[in-house]
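**Student:** You'll find my_file.pdb just under this line, and it carries PDB, C-alpha atoms.
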```
MODEL        1
ATOM      1  CA  MET A   1      49.198 -41.592-124.100
ATOM      2  CA  GLU A   2      50.855 -44.794-122.843
ATOM      3  CA  GLU A   3      47.612 -45.649-121.092
ATOM      4  CA  GLN A   4      45.630 -45.254-124.293
ATOM      5  CA  THR A   5      47.877 -47.697-126.137
ATOM      6  CA  ILE A   6      47.205 -50.432-123.593
ATOM      7  CA  HIS A   7      43.454 -49.899-123.569
ATOM      8  CA  SER A   8      43.216 -49.622-127.337
ATOM      9  CA  ASP A   9      44.233 -53.272-127.641
ATOM     10  CA  LEU A  10      40.870 -54.152-126.123
ATOM     11  CA  ILE A  11      39.096 -51.989-128.689
ATOM     12  CA  ARG A  12      41.096 -52.947-131.775
ATOM     13  CA  GLY A  13      39.182 -56.181-132.391
ATOM     14  CA  HIS A  14      35.938 -54.210-132.622
ATOM     15  CA  ILE A  15      36.938 -51.513-135.105
ATOM     16  CA  ASP A  16      35.049 -53.185-137.971
ATOM     17  CA  ALA A  17      31.843 -53.219-135.929
ATOM     18  CA  ILE A  18      32.387 -49.633-134.749
ATOM     19  CA  LEU A  19      32.756 -48.409-138.330
ATOM     20  CA  LEU A  20      29.655 -50.360-139.389
ATOM     21  CA  ARG A  21      27.706 -48.751-136.573
ATOM     22  CA  ILE A  22      28.735 -45.258-137.727
ATOM     23  CA  LEU A  23      27.988 -46.025-141.374
ATOM     24  CA  ARG A  24      24.573 -47.377-140.352
ATOM     25  CA  ASP A  25      23.672 -43.813-139.451
ATOM     26  CA  GLY A  26      24.905 -42.350-142.737
ATOM     27  CA  ASP A  27      27.668 -42.342-145.358
ATOM     28  CA  HIS A  28      31.067 -40.978-144.386
ATOM     29  CA  TYR A  29      34.543 -40.451-145.803
ATOM     30  CA  GLY A  30      37.693 -41.567-143.984
ATOM     31  CA  TYR A  31      38.416 -38.524-141.871
ATOM     32  CA  GLY A  32      34.696 -38.142-141.082
ATOM     33  CA  LEU A  33      34.751 -41.667-139.643
ATOM     34  CA  MET A  34      37.788 -40.849-137.504
ATOM     35  CA  LYS A  35      36.094 -37.715-136.177
ATOM     36  CA  GLN A  36      32.945 -39.647-135.431
ATOM     37  CA  VAL A  37      34.886 -42.301-133.458
ATOM     38  CA  LEU A  38      36.484 -39.539-131.392
ATOM     39  CA  THR A  39      33.120 -37.827-130.778
ATOM     40  CA  LEU A  40      31.206 -41.004-129.910
ATOM     41  CA  SER A  41      33.909 -42.021-127.401
ATOM     42  CA  ASP A  42      33.777 -38.544-125.785
ATOM     43  CA  GLY A  43      37.298 -37.892-127.001
ATOM     44  CA  GLN A  44      38.700 -40.961-125.243
ATOM     45  CA  TYR A  45      39.506 -43.121-128.240
ATOM     46  CA  GLU A  46      41.341 -41.949-131.319
ATOM     47  CA  LEU A  47      41.290 -44.244-134.327
ATOM     48  CA  LYS A  48      44.622 -44.213-136.139
ATOM     49  CA  GLU A  49      44.747 -43.941-139.911
ATOM     50  CA  PRO A  50      46.493 -47.258-140.635
ATOM     51  CA  SER A  51      43.822 -49.139-138.628
ATOM     52  CA  LEU A  52      41.106 -47.177-140.418
ATOM     53  CA  TYR A  53      42.302 -48.062-143.917
ATOM     54  CA  THR A  54      42.993 -51.696-143.011
ATOM     55  CA  SER A  55      39.511 -52.060-141.582
ATOM     56  CA  LEU A  56      37.762 -50.294-144.484
ATOM     57  CA  LYS A  57      39.627 -52.435-146.989
ATOM     58  CA  ARG A  58      38.629 -55.620-145.176
ATOM     59  CA  LEU A  59      34.978 -54.571-144.891
ATOM     60  CA  GLU A  60      34.816 -53.642-148.562
ATOM     61  CA  LYS A  61      36.352 -56.961-149.586
ATOM     62  CA  GLN A  62      33.779 -58.795-147.466
ATOM     63  CA  GLY A  63      30.981 -56.867-149.167
ATOM     64  CA  SER A  64      29.856 -55.215-145.936
ATOM     65  CA  ILE A  65      30.450 -51.711-147.260
ATOM     66  CA  GLU A  66      30.710 -50.024-150.666
ATOM     67  CA  SER A  67      32.698 -46.978-151.682
ATOM     68  CA  TYR A  68      32.092 -44.140-154.120
ATOM     69  CA  TRP A  69      33.929 -40.917-154.935
ATOM     70  CA  GLY A  70      32.416 -37.590-153.955
ATOM     71  CA  ASP A  71      32.441 -34.619-156.316
ATOM     72  CA  GLU A  72      34.289 -32.043-154.196
ATOM     73  CA  SER A  73      35.425 -29.206-156.398
ATOM     74  CA  GLN A  74      38.361 -28.197-154.170
ATOM     75  CA  GLY A  75      40.821 -29.947-151.873
ATOM     76  CA  GLY A  76      40.768 -33.310-153.641
ATOM     77  CA  ARG A  77      37.993 -35.864-154.147
ATOM     78  CA  ARG A  78      36.830 -37.740-151.075
ATOM     79  CA  LYS A  79      36.080 -41.442-151.011
ATOM     80  CA  TYR A  80      32.797 -42.137-149.247
ATOM     81  CA  TYR A  81      31.596 -45.403-147.768
ATOM     82  CA  ARG A  82      28.076 -46.743-147.454
ATOM     83  CA  ILE A  83      26.861 -49.814-145.570
ATOM     84  CA  THR A  84      25.296 -52.762-147.433
ATOM     85  CA  PRO A  85      22.497 -55.043-146.155
ATOM     86  CA  GLN A  86      25.198 -57.609-145.422
ATOM     87  CA  GLY A  87      27.052 -54.998-143.391
ATOM     88  CA  ARG A  88      23.941 -54.295-141.342
ATOM     89  CA  ALA A  89      23.590 -58.005-140.583
ATOM     90  CA  GLN A  90      27.270 -58.176-139.655
ATOM     91  CA  TYR A  91      26.814 -55.243-137.290
ATOM     92  CA  GLU A  92      23.819 -56.855-135.539
ATOM     93  CA  GLU A  93      25.795 -60.058-135.161
ATOM     94  CA  ALA A  94      28.837 -58.231-133.734
ATOM     95  CA  LEU A  95      26.635 -56.315-131.289
ATOM     96  CA  ALA A  96      24.962 -59.495-130.042
ATOM     97  CA  GLN A  97      28.343 -61.188-129.635
ATOM     98  CA  TRP A  98      29.741 -58.241-127.754
ATOM     99  CA  GLN A  99      26.806 -58.142-125.343
ATOM    100  CA  TRP A 100      27.206 -61.837-124.673
ATOM    101  CA  ALA A 101      30.960 -61.515-124.139
ATOM    102  CA  LYS A 102      30.578 -58.433-121.977
ATOM    103  CA  GLU A 103      28.182 -60.237-119.662
ATOM    104  CA  ILE A 104      30.430 -63.262-119.275
ATOM    105  CA  ILE A 105      33.657 -61.314-118.870
ATOM    106  CA  THR A 106      32.037 -59.098-116.227
ATOM    107  CA  LYS A 107      30.926 -62.194-114.325
ATOM    108  CA  LEU A 108      34.331 -63.844-114.648
ATOM    109  CA  LEU A 109      36.268 -60.770-113.634
ATOM    110  CA  GLY A 110      33.955 -60.115-110.690
ATOM    111  CA  GLY A 111      32.549 -56.779-111.857
ATOM    112  CA  ASN A 112      29.320 -55.429-110.316
ATOM    113  CA  ASP A 113      26.923 -54.920-113.202
ATOM    114  CA  GLY A 114      26.885 -58.507-114.505
TER     115      GLY A 114
ATOM    116  CA  MET B 115      52.891 -29.294-154.550
ATOM    117  CA  ASN B 116      52.180 -28.594-150.883
ATOM    118  CA  GLU B 117      53.710 -30.352-147.913
ATOM    119  CA  LEU B 118      50.955 -32.952-147.501
ATOM    120  CA  GLU B 119      51.162 -33.856-151.163
ATOM    121  CA  ARG B 120      54.908 -34.275-150.766
ATOM    122  CA  HIS B 121      54.379 -36.474-147.715
ATOM    123  CA  VAL B 122      51.935 -38.739-149.561
ATOM    124  CA  GLU B 123      54.254 -38.801-152.564
ATOM    125  CA  LYS B 124      57.005 -40.060-150.255
ATOM    126  CA  LEU B 125      54.745 -42.693-148.693
ATOM    127  CA  PHE B 126      54.042 -44.188-152.105
ATOM    128  CA  ARG B 127      57.479 -43.773-153.632
ATOM    129  CA  HIS B 128      58.300 -47.485-153.500
ATOM    130  CA  GLN B 129      54.814 -48.796-154.210
ATOM    131  CA  PRO B 130      53.830 -50.273-157.563
ATOM    132  CA  ASP B 131      51.754 -47.992-159.765
ATOM    133  CA  THR B 132      48.411 -49.807-159.965
ATOM    134  CA  PRO B 133      44.801 -48.513-160.038
ATOM    135  CA  GLU B 134      44.481 -49.763-156.465
ATOM    136  CA  THR B 135      47.460 -47.810-155.119
ATOM    137  CA  ARG B 136      46.481 -44.685-157.065
ATOM    138  CA  GLU B 137      43.042 -44.756-155.424
ATOM    139  CA  LEU B 138      44.470 -45.325-151.964
ATOM    140  CA  ARG B 139      46.871 -42.466-152.530
ATOM    141  CA  GLU B 140      44.098 -40.069-153.499
ATOM    142  CA  GLU B 141      41.988 -41.201-150.549
ATOM    143  CA  ILE B 142      44.817 -40.758-148.039
ATOM    144  CA  LEU B 143      45.661 -37.315-149.394
ATOM    145  CA  SER B 144      42.071 -36.049-149.245
ATOM    146  CA  ASN B 145      41.696 -37.363-145.681
ATOM    147  CA  LEU B 146      44.940 -35.708-144.591
ATOM    148  CA  GLN B 147      43.788 -32.442-146.151
ATOM    149  CA  ALA B 148      40.452 -32.715-144.320
ATOM    150  CA  LYS B 149      42.279 -33.404-141.078
ATOM    151  CA  ARG B 150      44.575 -30.439-141.532
ATOM    152  CA  GLU B 151      41.682 -28.093-142.313
ATOM    153  CA  ASP B 152      39.864 -29.377-139.250
ATOM    154  CA  LEU B 153      42.895 -28.754-137.026
ATOM    155  CA  LEU B 154      43.304 -25.267-138.499
ATOM    156  CA  ALA B 155      39.662 -24.558-137.673
ATOM    157  CA  GLN B 156      40.367 -25.681-134.109
ATOM    158  CA  GLY B 157      42.990 -22.956-133.818
ATOM    159  CA  LEU B 158      46.250 -24.769-134.547
ATOM    160  CA  ASP B 159      48.727 -22.890-136.686
ATOM    161  CA  GLU B 160      49.601 -24.010-140.192
ATOM    162  CA  ARG B 161      52.863 -25.731-139.179
ATOM    163  CA  ALA B 162      51.423 -27.715-136.240
ATOM    164  CA  ALA B 163      48.314 -28.765-138.189
ATOM    165  CA  THR B 164      50.390 -30.108-141.081
ATOM    166  CA  GLU B 165      52.757 -31.964-138.748
ATOM    167  CA  ALA B 166      49.857 -33.491-136.787
ATOM    168  CA  ALA B 167      48.217 -34.660-140.014
ATOM    169  CA  LYS B 168      51.432 -36.311-141.200
ATOM    170  CA  ARG B 169      52.254 -37.971-137.897
ATOM    171  CA  ASP B 170      49.521 -40.566-137.901
ATOM    172  CA  ILE B 171      50.419 -42.185-141.164
ATOM    173  CA  PRO B 172      54.147 -42.859-141.251
ATOM    174  CA  SER B 173      53.946 -45.728-143.762
ATOM    175  CA  VAL B 174      51.535 -47.492-146.122
ATOM    176  CA  ASP B 175      53.421 -50.792-146.317
ATOM    177  CA  GLY B 176      50.753 -52.765-144.446
ATOM    178  CA  LEU B 177      47.921 -51.341-146.558
ATOM    179  CA  ILE B 178      48.971 -52.584-149.944
ATOM    180  CA  ASP B 179      48.838 -56.180-151.055
ATOM    181  CA  ASP B 180      52.447 -57.171-150.937
ATOM    182  CA  GLN B 181      52.161 -60.594-152.555
ATOM    183  CA  GLN B 182      52.206 -59.968-156.265
ATOM    184  CA  THR B 183      51.072 -62.564-158.763
ATOM    185  CA  THR B 184      54.090 -62.621-161.012
ATOM    186  CA  ASN B 185      54.987 -64.037-164.395
ATOM    187  CA  VAL B 186      57.971 -65.833-162.867
ATOM    188  CA  GLU B 187      59.248 -67.143-166.190
ATOM    189  CA  ARG B 188      59.529 -63.687-167.755
ATOM    190  CA  TYR B 189      60.774 -62.152-164.519
ATOM    191  CA  ARG B 190      63.603 -64.654-164.213
ATOM    192  CA  MET B 191      64.572 -64.062-167.831
ATOM    193  CA  ALA B 192      64.725 -60.329-167.203
ATOM    194  CA  CYS B 193      66.868 -60.980-164.114
ATOM    195  CA  ALA B 194      69.201 -63.285-166.063
ATOM    196  CA  GLN B 195      69.524 -60.607-168.732
ATOM    197  CA  THR B 196      70.373 -58.046-166.053
ATOM    198  CA  VAL B 197      73.079 -60.308-164.649
ATOM    199  CA  TRP B 198      74.523 -60.771-168.114
ATOM    200  CA  LEU B 199      74.525 -57.029-168.872
ATOM    201  CA  HIS B 200      76.107 -56.251-165.530
ATOM    202  CA  CYS B 201      78.841 -58.836-166.103
ATOM    203  CA  ILE B 202      79.630 -57.147-169.405
ATOM    204  CA  LEU B 203      79.665 -53.763-167.641
ATOM    205  CA  PHE B 204      82.065 -55.253-165.102
ATOM    206  CA  TRP B 205      84.318 -56.466-167.882
ATOM    207  CA  ILE B 206      84.254 -53.029-169.538
ATOM    208  CA  GLY B 207      84.961 -51.544-166.136
ATOM    209  CA  THR B 208      88.112 -53.667-165.824
ATOM    210  CA  LEU B 209      89.564 -52.482-169.171
ATOM    211  CA  PRO B 210      91.328 -49.417-167.685
ATOM    212  CA  LEU B 211      93.147 -51.838-165.364
ATOM    213  CA  LEU B 212      94.919 -53.582-168.252
ATOM    214  CA  PHE B 213      98.168 -51.750-167.547
ATOM    215  CA  THR B 214      98.153 -52.224-163.795
ATOM    216  CA  GLY B 215      98.689 -55.217-161.537
ATOM    217  CA  TYR B 216      94.965 -55.936-161.730
ATOM    218  CA  ARG B 217      94.916 -57.002-165.365
ATOM    219  CA  TRP B 218      93.785 -60.516-164.332
ATOM    220  CA  LEU B 219      90.411 -58.932-163.381
ATOM    221  CA  GLY B 220      89.810 -58.386-167.095
ATOM    222  CA  ALA B 221      89.984 -62.133-167.624
ATOM    223  CA  VAL B 222      87.569 -62.655-164.741
ATOM    224  CA  GLY B 223      85.194 -60.101-166.294
ATOM    225  CA  LEU B 224      85.362 -61.782-169.687
ATOM    226  CA  GLY B 225      84.798 -65.206-168.099
ATOM    227  CA  LEU B 226      81.785 -63.980-166.134
ATOM    228  CA  SER B 227      80.312 -62.323-169.231
ATOM    229  CA  VAL B 228      80.597 -65.509-171.265
ATOM    230  CA  LEU B 229      79.212 -67.691-168.453
ATOM    231  CA  SER B 230      76.233 -65.445-167.727
ATOM    232  CA  GLY B 231      75.630 -65.063-171.458
ATOM    233  CA  VAL B 232      75.443 -68.833-171.864
ATOM    234  CA  GLY B 233      73.190 -69.012-168.794
ATOM    235  CA  TYR B 234      70.860 -66.408-170.254
ATOM    236  CA  LEU B 235      70.798 -68.212-173.594
ATOM    237  CA  LEU B 236      69.904 -71.524-171.903
ATOM    238  CA  PHE B 237      67.149 -69.747-169.985
ATOM    239  CA  TRP B 238      65.888 -68.259-173.212
ATOM    240  CA  LEU B 239      65.787 -71.708-174.847
ATOM    241  CA  ILE B 240      64.181 -73.609-171.995
ATOM    242  CA  HIS B 241      62.086 -71.058-170.031
ATOM    243  CA  PRO B 242      59.399 -73.172-168.375
ATOM    244  CA  ALA B 243      56.040 -71.349-168.178
ATOM    245  CA  MET B 244      55.539 -70.444-164.548
ATOM    246  CA  GLN B 245      53.428 -68.188-162.430
ATOM    247  CA  GLY B 246      53.798 -67.534-158.753
ATOM    248  CA  THR B 247      53.620 -64.927-156.043
ATOM    249  CA  ARG B 248      56.532 -62.737-155.132
ATOM    250  CA  SER B 249      56.823 -60.287-152.264
ATOM    251  CA  LEU B 250      57.403 -56.671-153.339
ATOM    252  CA  ALA B 251      58.473 -55.626-149.845
ATOM    253  CA  GLY B 252      60.871 -58.583-149.779
ATOM    254  CA  ALA B 253      62.529 -57.393-152.987
ATOM    255  CA  ARG B 254      62.867 -53.868-151.578
ATOM    256  CA  ARG B 255      64.310 -55.261-148.358
ATOM    257  CA  ARG B 256      66.946 -57.264-150.232
ATOM    258  CA  LYS B 257      67.862 -54.129-152.175
ATOM    259  CA  MET B 258      68.313 -52.143-148.975
ATOM    260  CA  ILE B 259      70.399 -54.886-147.347
ATOM    261  CA  ALA B 260      72.596 -55.204-150.454
ATOM    262  CA  TRP B 261      73.307 -51.460-150.457
ATOM    263  CA  ARG B 262      74.049 -51.398-146.740
ATOM    264  CA  ILE B 263      76.467 -54.307-146.913
ATOM    265  CA  TRP B 264      78.146 -52.818-149.950
ATOM    266  CA  GLY B 265      78.371 -49.395-148.285
ATOM    267  CA  ILE B 266      80.119 -50.911-145.284
ATOM    268  CA  PHE B 267      82.355 -53.011-147.519
ATOM    269  CA  TYR B 268      83.462 -50.068-149.621
ATOM    270  CA  ALA B 269      84.019 -47.816-146.610
ATOM    271  CA  VAL B 270      86.220 -50.486-145.002
ATOM    272  CA  ALA B 271      88.044 -51.221-148.265
ATOM    273  CA  ALA B 272      88.711 -47.556-149.030
ATOM    274  CA  LEU B 273      89.857 -46.864-145.475
ATOM    275  CA  SER B 274      92.205 -49.863-145.535
ATOM    276  CA  VAL B 275      93.691 -48.773-148.840
ATOM    277  CA  ALA B 276      94.121 -45.261-147.483
ATOM    278  CA  ALA B 277      95.701 -46.615-144.286
ATOM    279  CA  VAL B 278      98.144 -48.854-146.155
ATOM    280  CA  THR B 279      99.021 -46.152-148.679
ATOM    281  CA  PHE B 280      99.263 -43.089-146.458
ATOM    282  CA  GLY B 281      99.749 -44.693-143.040
ATOM    283  CA  SER B 282     103.512 -44.240-142.836
ATOM    284  CA  ASN B 283     103.255 -40.663-144.080
ATOM    285  CA  LEU B 284     100.884 -39.927-141.227
ATOM    286  CA  TRP B 285     102.972 -41.843-138.700
ATOM    287  CA  TYR B 286     106.287 -40.200-139.532
ATOM    288  CA  GLY B 287     104.752 -36.912-140.593
ATOM    289  CA  THR B 288     106.385 -37.060-144.024
ATOM    290  CA  PRO B 289     104.620 -35.436-146.977
ATOM    291  CA  VAL B 290     102.728 -37.675-149.415
ATOM    292  CA  THR B 291     104.645 -37.849-152.681
ATOM    293  CA  ILE B 292     103.100 -39.208-155.810
ATOM    294  CA  GLU B 293     105.616 -39.200-158.594
ATOM    295  CA  GLY B 294     104.210 -38.973-162.052
ATOM    296  CA  PRO B 295     101.120 -40.280-163.817
ATOM    297  CA  TYR B 296     101.945 -43.958-163.297
ATOM    298  CA  GLN B 297     101.955 -43.553-159.515
ATOM    299  CA  TRP B 298      98.649 -41.753-159.784
ATOM    300  CA  ALA B 299      97.188 -44.562-161.834
ATOM    301  CA  VAL B 300      98.378 -47.189-159.349
ATOM    302  CA  LEU B 301      96.892 -45.235-156.462
ATOM    303  CA  ALA B 302      93.591 -44.627-158.257
ATOM    304  CA  SER B 303      93.298 -48.298-159.234
ATOM    305  CA  ARG B 304      93.513 -49.337-155.565
ATOM    306  CA  PHE B 305      90.360 -47.351-154.844
ATOM    307  CA  TYR B 306      88.780 -48.205-158.196
ATOM    308  CA  VAL B 307      88.915 -52.004-157.943
ATOM    309  CA  PRO B 308      86.689 -52.340-154.854
ATOM    310  CA  LEU B 309      84.369 -49.737-156.426
ATOM    311  CA  LEU B 310      83.634 -52.143-159.277
ATOM    312  CA  THR B 311      81.715 -54.367-156.842
ATOM    313  CA  VAL B 312      79.021 -51.672-156.862
ATOM    314  CA  LEU B 313      77.527 -53.767-159.673
ATOM    315  CA  ILE B 314      76.376 -56.310-157.074
ATOM    316  CA  PRO B 315      73.967 -53.984-155.207
ATOM    317  CA  LEU B 316      73.024 -52.455-158.569
ATOM    318  CA  THR B 317      71.980 -55.914-159.769
ATOM    319  CA  VAL B 318      69.863 -56.521-156.653
ATOM    320  CA  SER B 319      68.306 -53.044-157.095
ATOM    321  CA  ARG B 320      67.463 -53.841-160.683
ATOM    322  CA  PHE B 321      65.758 -57.092-159.596
ATOM    323  CA  ALA B 322      63.540 -55.056-157.231
ATOM    324  CA  ALA B 323      62.753 -52.499-159.943
ATOM    325  CA  LEU B 324      61.888 -55.216-162.492
ATOM    326  CA  LEU B 325      59.477 -57.113-160.236
ATOM    327  CA  PRO B 326      56.428 -54.777-160.533
ATOM    328  CA  GLN B 327      56.772 -54.894-164.326
ATOM    329  CA  TYR B 328      55.965 -58.606-164.326
ATOM    330  CA  ARG B 329      52.713 -58.339-162.411
ATOM    331  CA  VAL B 330      49.915 -60.568-163.689
ATOM    332  CA  GLU B 331      46.521 -58.880-163.409
ATOM    333  CA  GLY B 332      43.660 -60.872-162.071
TER     334      GLY B 332
ENDMDL
END
```
Would you put the structure from the file into structure tokens?

**Tutor:**
Amino acid sequence: MEEQTIHSDLIRGHIDAILLRILRDGDHYGYGLMKQVLTLSDGQYELKEPSLYTSLKRLEKQGSIESYWGDESQGGRRKYYRITPQGRAQYEEALAQWQWAKEIITKLLGGNDG
Amino acid sequence: MNELERHVEKLFRHQPDTPETRELREEILSNLQAKREDLLAQGLDERAATEAAKRDIPSVDGLIDDQQTTNVERYRMACAQTVWLHCILFWIGTLPLLFTGYRWLGAVGLGLSVLSGVGYLLFWLIHPAMQGTRSLAGARRRKMIAWRIWGIFYAVAALSVAAVTFGSNLWYGTPVTIEGPYQWAVLASRFYVPLLTVLIPLTVSRFAALLPQYRVEG
């Protein structure tokens, strides 16, 4: 657990992009997004709820995602999120930046696959 | 109301009641319910699933805009009115002390009531139109600090009074004797006087409770 806290600092700055990537493949509600993060990371990264809501709020304010309420009949209404064209552009941008940074950091840290 | 609903209720207890917080509250609850159902499906028992769902969201303080656009002019007037009312309450509270050694507190109470009344009146006459941002969490923090300080103060004051009053009885093992109603009144007043300062944390609490009422939408 301790180990995950240290590593998650490296991931935290990319949560917006990660959520955009998931929403690119389809609309989700909050817990669905958390599940998807866990699945896509092969169970190695668990997104915490406070980070999820903070990130969703920021993305919605920026106009990168939109929300709408589902019509569940039982267990409370769920709030779904969908990506906007601006969100798609933001995702592409984040991906390109990450690839650039990854390459440079690997070179600088002396990794093998630079 | 089930346990998750209670948990979410608790998370939002000190948050202002706005459309934004109501939505966030509904969203958080439905996500927690989904998480709990998912954990139940994975084989966890009811108790463990509920606890696991609650664990990840211990507070919503960081999720709600804390800086509230406030009608400062009206808010300050409401605060001044509160101070005035509480000074009057203090004065009323000192009336039973008229026949004890603390009768001078009555004069203090009357003086404070008049002063704060004049202050409120001046405010009411001048009140410059003003808008600004105020921190809701800051107001809640001040309330908590005020109550803590007062709690410590009263505990110390009551213990000192008890020590001074009953100390020698304890030391020499003599029984406590209170002779007649006057002695009772004197003893009670010693504990009652420091209790009157409870109006200070009450005033700070009232300031915190008033703040969300002076929100400016937009």

**Student:** Of the candidates A:Ala94, A:Leu109, A:Leu33, A:Ile104, which one gets nearest to chain B if we count all atoms listed in the file?

**Tutor:** A:Leu33

**Student:** Produce a table with one row for each residue of chain A that has an atom at most 6 Å from any atom of chain B, each row naming the nearest atom pair and its distance in Å at one decimal; use all atoms listed in the file; arrange rows by chain and rising residue number; format as a Markdown table.

**Tutor:**
```
| residue | atom | partner | partner_atom | distance |
| --- | --- | --- | --- | --- |
| A:Tyr31 | CA | B:Asn145 | CA | 5.2 |
| A:Gly76 | CA | B:Ser144 | CA | 5.3 |
| A:Arg78 | CA | B:Ser144 | CA | 5.8 |
| A:Lys79 | CA | B:Glu141 | CA | 5.9 |
```

**Student:** When the PyMOL selection byres ((chain A and resi 28) around 10) is applied to the file above, which residues end up in the set, as a short mmCIF file (atom, residue, chain, number, x, y, z; two decimals) with C-alpha atoms, keeping the file's coordinate frame?

**Tutor:**
```cif
data_model
loop_
_atom_site.label_atom_id
_atom_site.label_comp_id
_atom_site.auth_asym_id
_atom_site.auth_seq_id
_atom_site.Cartn_x
_atom_site.Cartn_y
_atom_site.Cartn_z
CA LEU A 19 32.76 -48.41 -138.33
CA ILE A 22 28.74 -45.26 -137.73
CA LEU A 23 27.99 -46.02 -141.37
CA ARG A 24 24.57 -47.38 -140.35
CA ASP A 25 23.67 -43.81 -139.45
CA GLY A 26 24.90 -42.35 -142.74
CA ASP A 27 27.67 -42.34 -145.36
CA TYR A 29 34.54 -40.45 -145.80
CA GLY A 30 37.69 -41.57 -143.98
CA TYR A 31 38.42 -38.52 -141.87
CA GLY A 32 34.70 -38.14 -141.08
CA LEU A 33 34.75 -41.67 -139.64
CA MET A 34 37.79 -40.85 -137.50
CA GLN A 36 32.94 -39.65 -135.43
CA SER A 67 32.70 -46.98 -151.68
CA ARG A 78 36.83 -37.74 -151.07
CA LYS A 79 36.08 -41.44 -151.01
CA TYR A 80 32.80 -42.14 -149.25
CA TYR A 81 31.60 -45.40 -147.77
CA ARG A 82 28.08 -46.74 -147.45
CA ILE A 83 26.86 -49.81 -145.57
#
```

**Student:** Could you jot down the CA of Trp198 in chain B to CA of Ser227 in chain B separation for me, Å, one decimal place?

**Tutor:**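 CA of Trp198 in chain B sits 6.1 Å away from CA of Ser227 in chain B.
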
**Student:** Applying the PyMOL selection byres ((chain B and resi 302) around 12) to the file I just gave you, which residues come out? Please list them as a list in words.

**Tutor:**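 Selected by the PyMOL selection byres ((chain B and resi 302) around 12) here: Pro210, Leu211, Thr214, Tyr216, Ala272, Val275, Ala276, Thr279, Ile292, Pro295, Tyr296, Gln297, Trp298, Ala299, Val300, Leu301, Ser303, Arg304, Phe305, Tyr306, Val307, Pro308 and Leu309 of chain B.
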
**Student:** Evaluating the PyMOL selection byres ((chain B and resi 250) around 9) on the displayed file yields which residues, as a count of residues only?

**Tutor:** 16

**Student:** Hey, can you check how far CA of Arg12 in chain A sits from CA of Glu165 in chain B?

**Tutor:**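 These two atoms are separated by 25.0 Å.
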
**Student:** Could you state the separation of CA of Lys57 in chain A and CA of Leu153 in chain B in Å, given to one decimal place?

**Tutor:** 25.9 Å

**Student:** Counting only C-alpha atoms, which residues have an atom no more than 10 Å from (69.4, -57.1, -161.3) in the file's coordinates? Please list them as an MDAnalysis selection string.

**Tutor:** chainID B and resid 190 192:200 257 313:325

**Student:** With all atoms of range 81-88 of chain A from the file as input, state the centre and edge lengths in Å to one decimal of the axis-aligned box that has 4 Å extra on each side, as AutoDock Vina command-line options.

**Tutor:**
```
--center_x 27.0 --center_y -51.5 --center_z -144.6 --size_x 17.1 --size_y 20.2 --size_z 14.4
```

**Student:** Considering only C-alpha atoms, can you say which of B:Arg262, B:Thr132, B:Leu310, B:Gln327 comes closest to Phe204 in chain B?

**Tutor:**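 Closest to Phe204 in chain B, using only C-alpha atoms: B:Leu310.
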
**Student:** Go through A:Lys48, A:Gly87, A:Arg77, A:Ser8 one by one, measure the shortest atom-to-atom distance of each to Leu20 in chain A using all atoms listed in the file, and give the residue with the smallest value.

**Tutor:**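 Selected residue with least distance to Leu20 in chain A: A:Gly87.
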